[in-house]
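Notes follow once the structure below has been shown.
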Amino acid sequence: MATKFLLTLAICRLIVTVGLTLDPAELLRLEVEGQLSLEPADIGSASRDFGGMRSAEPLAVLHPASADDVARLVKSAYESAHGFGVSARGHGHSINGQAMTRNGMVIQMSRRGSRKPAAPRVSEKLMYVDVWGGELWIDVLRSTLEYGLAPKSWTDYLYLSVGGTLSNAGISGQAFNHGPQISNVYELDVVTGKGEVLTCSKEENPELYHAVLGGLGQFGIITRARIALERAPTRVKWIRVLYSNFSAFTQDQEYLISLHGHKHKFDYVEGFVIVDEGLINNWRSSFFSPRNPVKISSLNADGGVLYCLEITKNYQESNADTIDQEVEALLKKLNFIPASEFTTELPYVDFLDRVHKAELKLRSKNLWDVPHPWLNLFVPKSKIADFDKGVFKGILGNNTSGPILIYPMNKNKWDEKSSVVTPDEDVFYLVALLRSALDNGDETQGLDYLSNQNRQILRFCEETGINVKQYLPHYTTQQEWKHHFGDKWSLFSRRKLEFDPRRILATGQRIFTPSL
Ligand code: FAD
């Protein structure tokens with residue numbers, strides 16, 4: 001009763017605030033178990049994201065307690081005479097306002113407050129976990145580890161929501177073997193743009209299932225995901241080796257990912273580019289001893305650029321004695337700079353949660369909440385050497401302003417039926433320029449400079465025929481989106497018409513104009 005009173009009060013305030021943009025009668029009829037908030041703190045956080053470059057205020061924020069709450073809100077938006085945008089927000093870790101909606105409603109999917117959506121439920125027998133769409137991956141991990149199990153495919157950072165990463169792809173160094181996270185989902189519950197709650201999988205409502213995976217939030221809001229699990233290793237051997245020669249580096253990466261499915265392989269293959277200041281000291285490299293920094297000049301870097309291959313081998317305590325031999329045998333096949341091997345061992349959880357440590361460090365220096373003009377590209381294998389020459393050894397100069405990841409993946413681990421688009425080659429690379437803009441008087445570290453460099457990189461790719469696809473894409477015109485999706489555009493827009501005919505969902509992606 002009290003909740004209903006508060007809700008009515010909130011909606012009255014909403015109507016006063018927004019005039020008649022929303023249909024008040026519809027909203028007044030909206031009964032939710034969770035909380036509809038007009039609190040400035042909620043509105044404020046829903047109008048920001050990790051990118052820190054854009055802001056759009058919603059009218060109100062819903063903290064749902066269940067899929068039914070989500071469905072009620074979406075249905076009222078869909079059926080309302082005026083209509084309004086509805087955006088699910090995971091953890092707000094987008095870069096370009098993708099989870100925002102101006103003058104609409106944001107559904108804050110994380111579990112919070114006294115009435116929370118269901119906690120993760122593990123099936124040990126069938127090796128899966130059912131999780132709420134707003135669950136953070138770190139919490140998914142914690143709950144599955146209670147059963148000695150863990151998801152197979154990860155992102156580098158775990159404070160991201162399940163619904164948020166599944167709307168993109170969800171990739172890390174395991175993707176070459178297990179595919180992205182969207183290849184490791186058995187079933188979903190989705191609230192479509194008409195407010196229906198549908199269960200979907202490869203067998204049931206397959207069109208919706210494939211649309212939603214990598215679907216940029218365009219077809220429905222994921223309220224439950226059934227995620228594949230494996231037996232969790234307890235320990236990880238984490239190895240980094242250096243290269244000065246780019247083709248030796250990529251040949252080794254490609255060899256290692258060709259071992260997918262084999263028994264004797266690494267479990268994670270990534271890498272990064274080092275062009276900074278002569279010392280290996282970027283924030284993902286704390287691995288190298290700060291007391292004994294590696295001097296790039298001492299390693300004969302080609303054009304001042306070094307490449308670091310990063311690999312891991314998982315193991316159980318019980319087979320610790322055989323792991324060294326296995327790693328040795330794999331390393332013998334590689335052509336890195338002799339004596340450039342750095343190895344450490346740690347618990348599996350600490351490895352998976354490694355970026356959080358960097359986050360805490362950056363937060364302590366006030367360097368986390370700064371603008372992040374990140375650019376993530378899928379680059380076809382046939383053009384990665386051109387990309388190296390033009391971008392790493394060209395456009396970037398000698399100051400990167402953040403980590404640059406580079407690692408290959410096997411296309412056959414990606415389901416062509418999903419909404420995500422990747423280059424048309426068997427192997428493609430992720431190149432992630434994860435840069436932070438600083439306002440410290442050095443123009444080359446500023447937001448304008450870095451954003452301009454991103455544009456230069458995209459232009460360079462276009463002019464030299466490197467057919468990249470943006471990952472976590474950002475465009476401002478439908479023409480650009482059509483180009484991004486290429487052959488998949490007609491399917492993508494047909495699915496939109498079917499599942500979100502008023503185009504009210506995830507308007508912050510700026511793909512379709514809502515019909516309000
Ligand atoms: P949000 O930013 O809140 O939302 C992203 C989009 O998904 C929005 O359009 C939103 O409307 C939609 N959405 C959110 N929840 C749902 C839902 N339940 N149903 C339907 N649509 C929904 N990505 C990788 O793949 N690999 C990485 O290693 C990786 N590392 C990262 C590290 C950091 C520090 C950061 C900031 C991001 C990283 N990302 C990585 C990117 C991340 O996957 C995206 O930001 C993604 O959007 C997840 O963030 P989120 O959960 O906060 O989603």
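In the structure tokens, the first chain shown is A, the next is B, and so on; residue numbers restart at 1 for each chain, and ligands run from 1 in the order shown.
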Worksheet item: Any idea what's packed within 10 Å of Ser436 of chain A, counting only C-alpha atoms, ignoring anything in its chain fewer than 2 positions away? Could you give it as number ranges by chain?
Response: A: 51, 367-374, 400-403, 433-434, 438, 445-447, 450
Give me the residues of chain A that have any atom at most 8 Å from an atom of ligand 1; for each, the nearest atom pair and the distance in Å, rounded to one decimal. Use only C-alpha atoms and all ligand atoms, sort by chain and number, and format it as JSON lines.
```
{"residue": "A:Asp49", "atom": "CA", "partner": "ligand 1", "partner_atom_place_in_ligand_line": "2 (O)", "distance": 7.0}
{"residue": "A:Phe50", "atom": "CA", "partner": "ligand 1", "partner_atom_place_in_ligand_line": "36 (C)", "distance": 5.7}
{"residue": "A:Gly51", "atom": "CA", "partner": "ligand 1", "partner_atom_place_in_ligand_line": "36 (C)", "distance": 7.6}
{"residue": "A:Ser87", "atom": "CA", "partner": "ligand 1", "partner_atom_place_in_ligand_line": "11 (O)", "distance": 4.8}
{"residue": "A:Ala88", "atom": "CA", "partner": "ligand 1", "partner_atom_place_in_ligand_line": "11 (O)", "distance": 4.3}
{"residue": "A:Arg89", "atom": "CA", "partner": "ligand 1", "partner_atom_place_in_ligand_line": "3 (O)", "distance": 3.8}
{"residue": "A:Gly90", "atom": "CA", "partner": "ligand 1", "partner_atom_place_in_ligand_line": "3 (O)", "distance": 3.4}
{"residue": "A:His91", "atom": "CA", "partner": "ligand 1", "partner_atom_place_in_ligand_line": "52 (O)", "distance": 3.2}
{"residue": "A:Gly92", "atom": "CA", "partner": "ligand 1", "partner_atom_place_in_ligand_line": "3 (O)", "distance": 3.6}
{"residue": "A:His93", "atom": "CA", "partner": "ligand 1", "partner_atom_place_in_ligand_line": "52 (O)", "distance": 3.6}
{"residue": "A:Ser94", "atom": "CA", "partner": "ligand 1", "partner_atom_place_in_ligand_line": "2 (O)", "distance": 3.6}
{"residue": "A:Ile95", "atom": "CA", "partner": "ligand 1", "partner_atom_place_in_ligand_line": "45 (O)", "distance": 6.8}
{"residue": "A:Gly97", "atom": "CA", "partner": "ligand 1", "partner_atom_place_in_ligand_line": "2 (O)", "distance": 7.7}
{"residue": "A:Gln98", "atom": "CA", "partner": "ligand 1", "partner_atom_place_in_ligand_line": "9 (O)", "distance": 4.3}
{"residue": "A:Ala99", "atom": "CA", "partner": "ligand 1", "partner_atom_place_in_ligand_line": "8 (C)", "distance": 3.8}
{"residue": "A:Met100", "atom": "CA", "partner": "ligand 1", "partner_atom_place_in_ligand_line": "11 (O)", "distance": 7.0}
{"residue": "A:Met109", "atom": "CA", "partner": "ligand 1", "partner_atom_place_in_ligand_line": "18 (N)", "distance": 6.3}
{"residue": "A:Gly133", "atom": "CA", "partner": "ligand 1", "partner_atom_place_in_ligand_line": "18 (N)", "distance": 4.4}
{"residue": "A:Gly134", "atom": "CA", "partner": "ligand 1", "partner_atom_place_in_ligand_line": "18 (N)", "distance": 5.5}
{"residue": "A:Leu136", "atom": "CA", "partner": "ligand 1", "partner_atom_place_in_ligand_line": "51 (O)", "distance": 7.4}
{"residue": "A:Trp154", "atom": "CA", "partner": "ligand 1", "partner_atom_place_in_ligand_line": "26 (N)", "distance": 7.3}
{"residue": "A:Thr155", "atom": "CA", "partner": "ligand 1", "partner_atom_place_in_ligand_line": "28 (O)", "distance": 3.7}
{"residue": "A:Asp156", "atom": "CA", "partner": "ligand 1", "partner_atom_place_in_ligand_line": "28 (O)", "distance": 3.5}
{"residue": "A:Tyr157", "atom": "CA", "partner": "ligand 1", "partner_atom_place_in_ligand_line": "30 (N)", "distance": 4.8}
{"residue": "A:Leu158", "atom": "CA", "partner": "ligand 1", "partner_atom_place_in_ligand_line": "30 (N)", "distance": 7.7}
{"residue": "A:Tyr159", "atom": "CA", "partner": "ligand 1", "partner_atom_place_in_ligand_line": "51 (O)", "distance": 7.6}
{"residue": "A:Leu160", "atom": "CA", "partner": "ligand 1", "partner_atom_place_in_ligand_line": "51 (O)", "distance": 4.1}
{"residue": "A:Ser161", "atom": "CA", "partner": "ligand 1", "partner_atom_place_in_ligand_line": "51 (O)", "distance": 3.5}
{"residue": "A:Val162", "atom": "CA", "partner": "ligand 1", "partner_atom_place_in_ligand_line": "51 (O)", "distance": 6.3}
{"residue": "A:Gly163", "atom": "CA", "partner": "ligand 1", "partner_atom_place_in_ligand_line": "18 (N)", "distance": 3.5}
{"residue": "A:Gly164", "atom": "CA", "partner": "ligand 1", "partner_atom_place_in_ligand_line": "51 (O)", "distance": 3.6}
{"residue": "A:Thr165", "atom": "CA", "partner": "ligand 1", "partner_atom_place_in_ligand_line": "43 (O)", "distance": 4.3}
{"residue": "A:Leu166", "atom": "CA", "partner": "ligand 1", "partner_atom_place_in_ligand_line": "20 (C)", "distance": 7.7}
{"residue": "A:Ser167", "atom": "CA", "partner": "ligand 1", "partner_atom_place_in_ligand_line": "7 (O)", "distance": 5.2}
{"residue": "A:Asn168", "atom": "CA", "partner": "ligand 1", "partner_atom_place_in_ligand_line": "46 (C)", "distance": 6.4}
{"residue": "A:Ala169", "atom": "CA", "partner": "ligand 1", "partner_atom_place_in_ligand_line": "25 (O)", "distance": 5.7}
{"residue": "A:Gly170", "atom": "CA", "partner": "ligand 1", "partner_atom_place_in_ligand_line": "25 (O)", "distance": 3.4}
{"residue": "A:Ile171", "atom": "CA", "partner": "ligand 1", "partner_atom_place_in_ligand_line": "25 (O)", "distance": 4.0}
{"residue": "A:Ser172", "atom": "CA", "partner": "ligand 1", "partner_atom_place_in_ligand_line": "28 (O)", "distance": 5.2}
{"residue": "A:Pro180", "atom": "CA", "partner": "ligand 1", "partner_atom_place_in_ligand_line": "25 (O)", "distance": 7.9}
{"residue": "A:Val190", "atom": "CA", "partner": "ligand 1", "partner_atom_place_in_ligand_line": "19 (N)", "distance": 7.6}
{"residue": "A:Val212", "atom": "CA", "partner": "ligand 1", "partner_atom_place_in_ligand_line": "20 (C)", "distance": 7.4}
{"residue": "A:Gly215", "atom": "CA", "partner": "ligand 1", "partner_atom_place_in_ligand_line": "21 (N)", "distance": 7.8}
{"residue": "A:Leu216", "atom": "CA", "partner": "ligand 1", "partner_atom_place_in_ligand_line": "9 (O)", "distance": 5.2}
{"residue": "A:Gly217", "atom": "CA", "partner": "ligand 1", "partner_atom_place_in_ligand_line": "21 (N)", "distance": 3.6}
{"residue": "A:Gln218", "atom": "CA", "partner": "ligand 1", "partner_atom_place_in_ligand_line": "21 (N)", "distance": 7.2}
{"residue": "A:Phe219", "atom": "CA", "partner": "ligand 1", "partner_atom_place_in_ligand_line": "20 (C)", "distance": 7.8}
{"residue": "A:Gly220", "atom": "CA", "partner": "ligand 1", "partner_atom_place_in_ligand_line": "20 (C)", "distance": 5.8}
{"residue": "A:Ile221", "atom": "CA", "partner": "ligand 1", "partner_atom_place_in_ligand_line": "19 (N)", "distance": 3.6}
{"residue": "A:Ile222", "atom": "CA", "partner": "ligand 1", "partner_atom_place_in_ligand_line": "19 (N)", "distance": 3.8}
{"residue": "A:Thr223", "atom": "CA", "partner": "ligand 1", "partner_atom_place_in_ligand_line": "18 (N)", "distance": 5.7}
{"residue": "A:Val355", "atom": "CA", "partner": "ligand 1", "partner_atom_place_in_ligand_line": "34 (C)", "distance": 7.4}
{"residue": "A:Glu359", "atom": "CA", "partner": "ligand 1", "partner_atom_place_in_ligand_line": "34 (C)", "distance": 7.6}
{"residue": "A:Leu472", "atom": "CA", "partner": "ligand 1", "partner_atom_place_in_ligand_line": "44 (C)", "distance": 6.7}
{"residue": "A:Leu505", "atom": "CA", "partner": "ligand 1", "partner_atom_place_in_ligand_line": "11 (O)", "distance": 7.4}
{"residue": "A:Ala506", "atom": "CA", "partner": "ligand 1", "partner_atom_place_in_ligand_line": "11 (O)", "distance": 4.5}
{"residue": "A:Thr507", "atom": "CA", "partner": "ligand 1", "partner_atom_place_in_ligand_line": "9 (O)", "distance": 7.7}
{"residue": "A:Gly508", "atom": "CA", "partner": "ligand 1", "partner_atom_place_in_ligand_line": "9 (O)", "distance": 6.4}
{"residue": "A:Gln509", "atom": "CA", "partner": "ligand 1", "partner_atom_place_in_ligand_line": "9 (O)", "distance": 5.9}
```
Worksheet entry | Selection near Ala225 of chain A, 6 Å with only C-alpha atoms, sequence-local residues under 4 positions removed, as a PyMOL selection string | chain A and resi 130-131+187-188
Take the residues from that selection and write them out as an mmCIF file, in the first residue's frame, keeping N, CA and C atoms.
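Saved the output as selection-v3.cif:
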```cif
data_model
loop_
_atom_site.group_PDB
_atom_site.id
_atom_site.type_symbol
_atom_site.label_atom_id
_atom_site.label_comp_id
_atom_site.auth_asym_id
_atom_site.auth_seq_id
_atom_site.Cartn_x
_atom_site.Cartn_y
_atom_site.Cartn_z
ATOM 1 N N ASP A 130 21.230 -19.660 -14.005
ATOM 2 C CA ASP A 130 20.207 -18.698 -14.429
ATOM 3 C C ASP A 130 20.438 -17.406 -13.663
ATOM 4 N N VAL A 131 20.618 -16.307 -14.385
ATOM 5 C CA VAL A 131 20.892 -15.044 -13.691
ATOM 6 C C VAL A 131 19.979 -13.928 -14.190
ATOM 7 N N GLU A 187 19.732 -19.900 -23.009
ATOM 8 C CA GLU A 187 18.324 -19.463 -23.033
ATOM 9 C C GLU A 187 18.212 -18.073 -22.432
ATOM 10 N N LEU A 188 17.213 -17.326 -22.885
ATOM 11 C CA LEU A 188 17.011 -15.978 -22.346
ATOM 12 C C LEU A 188 15.535 -15.748 -22.059
#
```
Which of segment 200-432 of chain A end up as helix (DSSP H, G or I) when DSSP is run on this backbone - answer as a tab-separated table (two decimals) with N, CA and C atoms, in the first residue's frame?
```
chain	number	residue	atom	x	y	z
A	206	PRO	N	13.53	-18.73	-31.81
A	206	PRO	CA	14.94	-18.56	-32.19
A	206	PRO	C	15.25	-17.20	-32.81
A	207	GLU	N	14.26	-16.62	-33.49
A	207	GLU	CA	14.51	-15.32	-34.14
A	207	GLU	C	14.81	-14.25	-33.08
A	208	LEU	N	14.06	-14.28	-32.00
A	208	LEU	CA	14.28	-13.30	-30.93
A	208	LEU	C	15.62	-13.56	-30.23
A	209	TYR	N	15.90	-14.83	-29.99
A	209	TYR	CA	17.16	-15.22	-29.33
A	209	TYR	C	18.36	-14.69	-30.12
A	210	HIS	N	18.36	-14.95	-31.42
A	210	HIS	CA	19.50	-14.51	-32.22
A	210	HIS	C	19.53	-12.99	-32.35
A	211	ALA	N	18.35	-12.37	-32.42
A	211	ALA	CA	18.29	-10.91	-32.55
A	211	ALA	C	18.90	-10.24	-31.32
A	212	VAL	N	18.54	-10.74	-30.14
A	212	VAL	CA	18.93	-10.07	-28.90
A	212	VAL	C	20.44	-10.21	-28.63
A	246	PHE	N	56.54	-7.45	-35.36
A	246	PHE	CA	55.09	-7.60	-35.37
A	246	PHE	C	54.64	-8.91	-36.01
A	247	SER	N	55.29	-9.30	-37.11
A	247	SER	CA	54.77	-10.50	-37.77
A	247	SER	C	55.10	-11.75	-36.94
A	248	ALA	N	56.21	-11.73	-36.20
A	248	ALA	CA	56.48	-12.88	-35.30
A	248	ALA	C	55.40	-12.93	-34.22
A	249	PHE	N	55.03	-11.76	-33.73
A	249	PHE	CA	54.01	-11.67	-32.68
A	249	PHE	C	52.66	-12.21	-33.18
A	250	THR	N	52.22	-11.73	-34.36
A	250	THR	CA	50.89	-12.16	-34.83
A	250	THR	C	50.91	-13.63	-35.27
A	251	GLN	N	52.05	-14.05	-35.83
A	251	GLN	CA	52.12	-15.48	-36.22
A	251	GLN	C	51.95	-16.36	-34.99
A	252	ASP	N	52.60	-15.98	-33.89
A	252	ASP	CA	52.48	-16.78	-32.67
A	252	ASP	C	51.06	-16.72	-32.11
A	253	GLN	N	50.47	-15.53	-32.13
A	253	GLN	CA	49.08	-15.43	-31.63
A	253	GLN	C	48.16	-16.32	-32.47
A	254	GLU	N	48.36	-16.25	-33.79
A	254	GLU	CA	47.48	-17.03	-34.67
A	254	GLU	C	47.71	-18.54	-34.50
A	255	TYR	N	48.97	-18.90	-34.27
A	255	TYR	CA	49.24	-20.32	-34.01
A	255	TYR	C	48.51	-20.76	-32.72
A	256	LEU	N	48.62	-19.94	-31.69
A	256	LEU	CA	48.03	-20.32	-30.40
A	256	LEU	C	46.50	-20.45	-30.49
A	257	ILE	N	45.87	-19.55	-31.28
A	257	ILE	CA	44.40	-19.68	-31.35
A	257	ILE	C	43.97	-20.81	-32.28
A	296	ILE	N	62.35	-0.25	-23.06
A	296	ILE	CA	62.10	-0.67	-24.44
A	296	ILE	C	63.38	-0.60	-25.26
A	297	SER	N	64.17	0.45	-25.02
A	297	SER	CA	65.38	0.62	-25.82
A	297	SER	C	66.32	-0.57	-25.66
A	298	SER	N	66.26	-1.24	-24.48
A	298	SER	CA	67.15	-2.38	-24.28
A	298	SER	C	66.68	-3.60	-25.06
A	299	LEU	N	65.50	-3.53	-25.65
A	299	LEU	CA	64.95	-4.69	-26.32
A	299	LEU	C	64.86	-4.54	-27.84
A	317	GLU	N	44.96	-27.40	-8.25
A	317	GLU	CA	46.08	-27.63	-7.34
A	317	GLU	C	46.64	-29.06	-7.51
A	318	SER	N	45.72	-30.00	-7.73
A	318	SER	CA	46.12	-31.41	-7.77
A	318	SER	C	47.03	-31.75	-8.96
A	319	ASN	N	46.97	-30.95	-10.05
A	319	ASN	CA	47.88	-31.28	-11.17
A	319	ASN	C	48.97	-30.22	-11.36
A	320	ALA	N	49.30	-29.53	-10.27
A	320	ALA	CA	50.28	-28.44	-10.34
A	320	ALA	C	51.64	-28.93	-10.84
A	321	ASP	N	52.00	-30.17	-10.55
A	321	ASP	CA	53.35	-30.61	-10.91
A	321	ASP	C	53.54	-30.85	-12.41
A	322	THR	N	52.45	-31.07	-13.15
A	322	THR	CA	52.63	-31.32	-14.59
A	322	THR	C	52.50	-30.04	-15.42
A	323	ILE	N	52.01	-28.98	-14.79
A	323	ILE	CA	51.65	-27.79	-15.55
A	323	ILE	C	52.88	-27.10	-16.15
A	324	ASP	N	54.00	-27.10	-15.41
A	324	ASP	CA	55.20	-26.43	-15.91
A	324	ASP	C	55.68	-27.07	-17.21
A	325	GLN	N	55.66	-28.38	-17.23
A	325	GLN	CA	56.11	-29.09	-18.45
A	325	GLN	C	55.22	-28.73	-19.64
A	326	GLU	N	53.92	-28.70	-19.37
A	326	GLU	CA	52.98	-28.40	-20.46
A	326	GLU	C	53.21	-26.99	-21.01
A	327	VAL	N	53.41	-26.04	-20.09
A	327	VAL	CA	53.63	-24.65	-20.49
A	327	VAL	C	54.95	-24.55	-21.26
A	328	GLU	N	55.97	-25.21	-20.75
A	328	GLU	CA	57.29	-25.20	-21.41
A	328	GLU	C	57.16	-25.68	-22.85
A	329	ALA	N	56.43	-26.78	-23.03
A	329	ALA	CA	56.29	-27.35	-24.38
A	329	ALA	C	55.60	-26.36	-25.32
A	330	LEU	N	54.61	-25.66	-24.81
A	330	LEU	CA	53.90	-24.69	-25.65
A	330	LEU	C	54.79	-23.48	-25.94
A	331	LEU	N	55.50	-23.01	-24.95
A	331	LEU	CA	56.35	-21.82	-25.13
A	331	LEU	C	57.47	-22.09	-26.13
A	332	LYS	N	57.95	-23.32	-26.17
A	332	LYS	CA	59.06	-23.70	-27.07
A	332	LYS	C	58.71	-23.42	-28.53
A	348	TYR	N	42.52	-18.39	-9.57
A	348	TYR	CA	41.72	-18.14	-10.77
A	348	TYR	C	40.90	-16.85	-10.62
A	349	VAL	N	40.27	-16.69	-9.46
A	349	VAL	CA	39.41	-15.51	-9.25
A	349	VAL	C	40.24	-14.23	-9.37
A	350	ASP	N	41.43	-14.24	-8.81
A	350	ASP	CA	42.25	-13.02	-8.87
A	350	ASP	C	42.64	-12.70	-10.31
A	351	PHE	N	42.88	-13.75	-11.09
A	351	PHE	CA	43.19	-13.49	-12.50
A	351	PHE	C	41.97	-12.86	-13.20
A	352	LEU	N	40.81	-13.48	-13.02
A	352	LEU	CA	39.62	-12.96	-13.72
A	352	LEU	C	39.30	-11.53	-13.28
A	354	ARG	N	41.34	-9.18	-12.41
A	354	ARG	CA	42.57	-8.39	-12.40
A	354	ARG	C	42.37	-6.91	-12.70
A	355	VAL	N	41.42	-6.58	-13.59
A	355	VAL	CA	41.28	-5.17	-13.97
A	355	VAL	C	40.69	-4.34	-12.83
A	356	HIS	N	39.96	-5.01	-11.95
A	356	HIS	CA	39.38	-4.28	-10.81
A	356	HIS	C	40.49	-3.69	-9.93
A	357	LYS	N	41.60	-4.40	-9.84
A	357	LYS	CA	42.74	-3.89	-9.05
A	357	LYS	C	43.24	-2.59	-9.66
A	358	ALA	N	43.34	-2.59	-11.00
A	358	ALA	CA	43.78	-1.37	-11.70
A	358	ALA	C	42.77	-0.25	-11.48
A	359	GLU	N	41.48	-0.63	-11.48
A	359	GLU	CA	40.43	0.38	-11.23
A	359	GLU	C	40.65	1.04	-9.87
A	360	LEU	N	40.88	0.23	-8.85
A	360	LEU	CA	41.03	0.79	-7.50
A	360	LEU	C	42.23	1.73	-7.45
A	361	LYS	N	43.30	1.34	-8.14
A	361	LYS	CA	44.49	2.20	-8.17
A	361	LYS	C	44.17	3.54	-8.84
A	362	LEU	N	43.51	3.44	-9.99
A	362	LEU	CA	43.19	4.68	-10.73
A	362	LEU	C	42.21	5.55	-9.93
A	363	ARG	N	41.25	4.89	-9.27
A	363	ARG	CA	40.30	5.67	-8.47
A	363	ARG	C	41.04	6.43	-7.37
A	364	SER	N	42.03	5.78	-6.76
A	364	SER	CA	42.75	6.43	-5.66
A	364	SER	C	43.52	7.66	-6.16
A	381	LYS	N	42.33	-10.33	-40.31
A	381	LYS	CA	43.71	-10.83	-40.21
A	381	LYS	C	44.57	-10.40	-41.40
A	382	SER	N	44.00	-10.39	-42.60
A	382	SER	CA	44.80	-10.07	-43.79
A	382	SER	C	45.32	-8.63	-43.77
A	383	LYS	N	44.75	-7.78	-42.92
A	383	LYS	CA	45.13	-6.36	-42.93
A	383	LYS	C	45.79	-5.92	-41.64
A	384	ILE	N	46.06	-6.85	-40.74
A	384	ILE	CA	46.54	-6.42	-39.43
A	384	ILE	C	47.95	-5.81	-39.52
A	385	ALA	N	48.76	-6.28	-40.48
A	385	ALA	CA	50.10	-5.71	-40.63
A	385	ALA	C	50.00	-4.27	-41.14
A	386	ASP	N	49.05	-4.01	-42.05
A	386	ASP	CA	48.85	-2.63	-42.54
A	386	ASP	C	48.40	-1.73	-41.39
A	387	PHE	N	47.55	-2.29	-40.55
A	387	PHE	CA	47.06	-1.53	-39.40
A	387	PHE	C	48.22	-1.18	-38.47
A	388	ASP	N	49.09	-2.15	-38.26
A	388	ASP	CA	50.27	-1.92	-37.41
A	388	ASP	C	51.11	-0.76	-37.95
A	389	LYS	N	51.39	-0.84	-39.24
A	389	LYS	CA	52.25	0.20	-39.86
A	389	LYS	C	51.60	1.56	-39.77
A	390	GLY	N	50.32	1.62	-40.13
A	390	GLY	CA	49.64	2.91	-40.23
A	390	GLY	C	49.23	3.49	-38.88
A	391	VAL	N	48.90	2.62	-37.93
A	391	VAL	CA	48.35	3.14	-36.67
A	391	VAL	C	49.36	3.04	-35.53
A	392	PHE	N	49.80	1.85	-35.18
A	392	PHE	CA	50.71	1.72	-34.03
A	392	PHE	C	52.04	2.44	-34.30
A	393	LYS	N	52.53	2.28	-35.54
A	393	LYS	CA	53.83	2.90	-35.84
A	393	LYS	C	53.65	4.22	-36.56
A	394	GLY	N	52.39	4.64	-36.76
A	394	GLY	CA	52.15	5.87	-37.50
A	394	GLY	C	51.33	6.86	-36.69
A	395	ILE	N	50.03	6.78	-36.83
A	395	ILE	CA	49.13	7.79	-36.27
A	395	ILE	C	49.33	8.01	-34.76
A	411	LYS	N	36.54	-16.87	-36.20
A	411	LYS	CA	35.16	-16.50	-36.57
A	411	LYS	C	34.18	-17.67	-36.40
A	412	ASN	N	34.69	-18.89	-36.55
A	412	ASN	CA	33.75	-20.01	-36.46
A	412	ASN	C	33.21	-20.24	-35.04
A	413	LYS	N	33.70	-19.45	-34.09
A	413	LYS	CA	33.15	-19.54	-32.72
A	413	LYS	C	32.03	-18.51	-32.51
```
Neighbours of Glu196 of chain A within 9 Å (only C-alpha atoms; same-chain residues fewer than 5 positions away dropped), as a PDB file with N, CA and C atoms, in the first residue's frame?
```
ATOM      1  N   ALA A  71       8.288  -5.479 -17.829  1.00  0.00           N
ATOM      2  CA  ALA A  71       7.250  -5.644 -18.852  1.00  0.00           C
ATOM      3  C   ALA A  71       6.164  -4.578 -18.700  1.00  0.00           C
ATOM      4  N   ARG A  72       5.771  -4.289 -17.452  1.00  0.00           N
ATOM      5  CA  ARG A  72       4.708  -3.285 -17.252  1.00  0.00           C
ATOM      6  C   ARG A  72       5.141  -1.924 -17.791  1.00  0.00           C
ATOM      7  N   VAL A  74       7.507  -1.231 -20.071  1.00  0.00           N
ATOM      8  CA  VAL A  74       7.661  -1.220 -21.537  1.00  0.00           C
ATOM      9  C   VAL A  74       6.284  -1.240 -22.206  1.00  0.00           C
ATOM     10  N   LYS A  75       5.375  -2.028 -21.654  1.00  0.00           N
ATOM     11  CA  LYS A  75       4.028  -2.103 -22.231  1.00  0.00           C
ATOM     12  C   LYS A  75       3.349  -0.734 -22.178  1.00  0.00           C
ATOM     13  N   VAL A 190      13.174 -12.456 -22.291  1.00  0.00           N
ATOM     14  CA  VAL A 190      13.311 -11.128 -22.884  1.00  0.00           C
ATOM     15  C   VAL A 190      11.966 -10.404 -22.843  1.00  0.00           C
ATOM     16  N   VAL A 191      11.999  -9.131 -22.444  1.00  0.00           N
ATOM     17  CA  VAL A 191      10.802  -8.288 -22.558  1.00  0.00           C
ATOM     18  C   VAL A 191      10.939  -7.536 -23.877  1.00  0.00           C
TER      19      VAL A 191
END
```
Fill in: Neighbour list for Val185 of chain A as a list in words, cut-off 8 Å, only C-alpha atoms, skip fewer than 6 positions in-chain
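Near neighbours after the sequence-gap exclusion: Ala225, Arg226, Ile227 and Ala228 of chain A.
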Determine, counting only C-alpha atoms, which protein, DNA and RNA residues have an atom within 6 Å of an atom of Lys116 of chain A; residues of the same chain fewer than 3 positions away are not included. Present the result as an mmCIF file with C-alpha atoms, in the first residue's frame.
```cif
data_model
loop_
_atom_site.group_PDB
_atom_site.id
_atom_site.type_symbol
_atom_site.label_atom_id
_atom_site.label_comp_id
_atom_site.auth_asym_id
_atom_site.auth_seq_id
_atom_site.Cartn_x
_atom_site.Cartn_y
_atom_site.Cartn_z
ATOM 1 C CA ALA A 65 12.074 -6.114 -8.722
ATOM 2 C CA ARG A 111 20.001 -5.611 -8.220
ATOM 3 C CA ARG A 112 19.446 -3.019 -5.513
#
```
Write out as a compact mmCIF listing (two decimals) with N, CA and C atoms, in the first residue's frame which residues come within 9 Å of Thr476 of chain A when counting only C-alpha atoms, dropping same-chain ones fewer than 4 positions away.
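The resulting file, selection_17.txt, is reproduced below:
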```
# COMPACT_ATOMS: atom_id res chain seq x y z
N GLU A 480 25.35 5.49 -41.60
CA GLU A 480 26.55 4.84 -41.06
C GLU A 480 26.20 3.47 -40.46
N TRP A 481 25.05 3.39 -39.81
CA TRP A 481 24.63 2.10 -39.24
C TRP A 481 24.40 1.08 -40.35
N GLN A 509 21.40 4.29 -28.61
CA GLN A 509 22.29 3.75 -29.66
C GLN A 509 22.17 4.56 -30.95
N ARG A 510 21.12 5.30 -31.07
CA ARG A 510 20.89 6.19 -32.22
C ARG A 510 20.88 5.44 -33.56
N ILE A 511 20.19 4.30 -33.54
CA ILE A 511 20.08 3.53 -34.79
C ILE A 511 18.75 3.85 -35.48
```
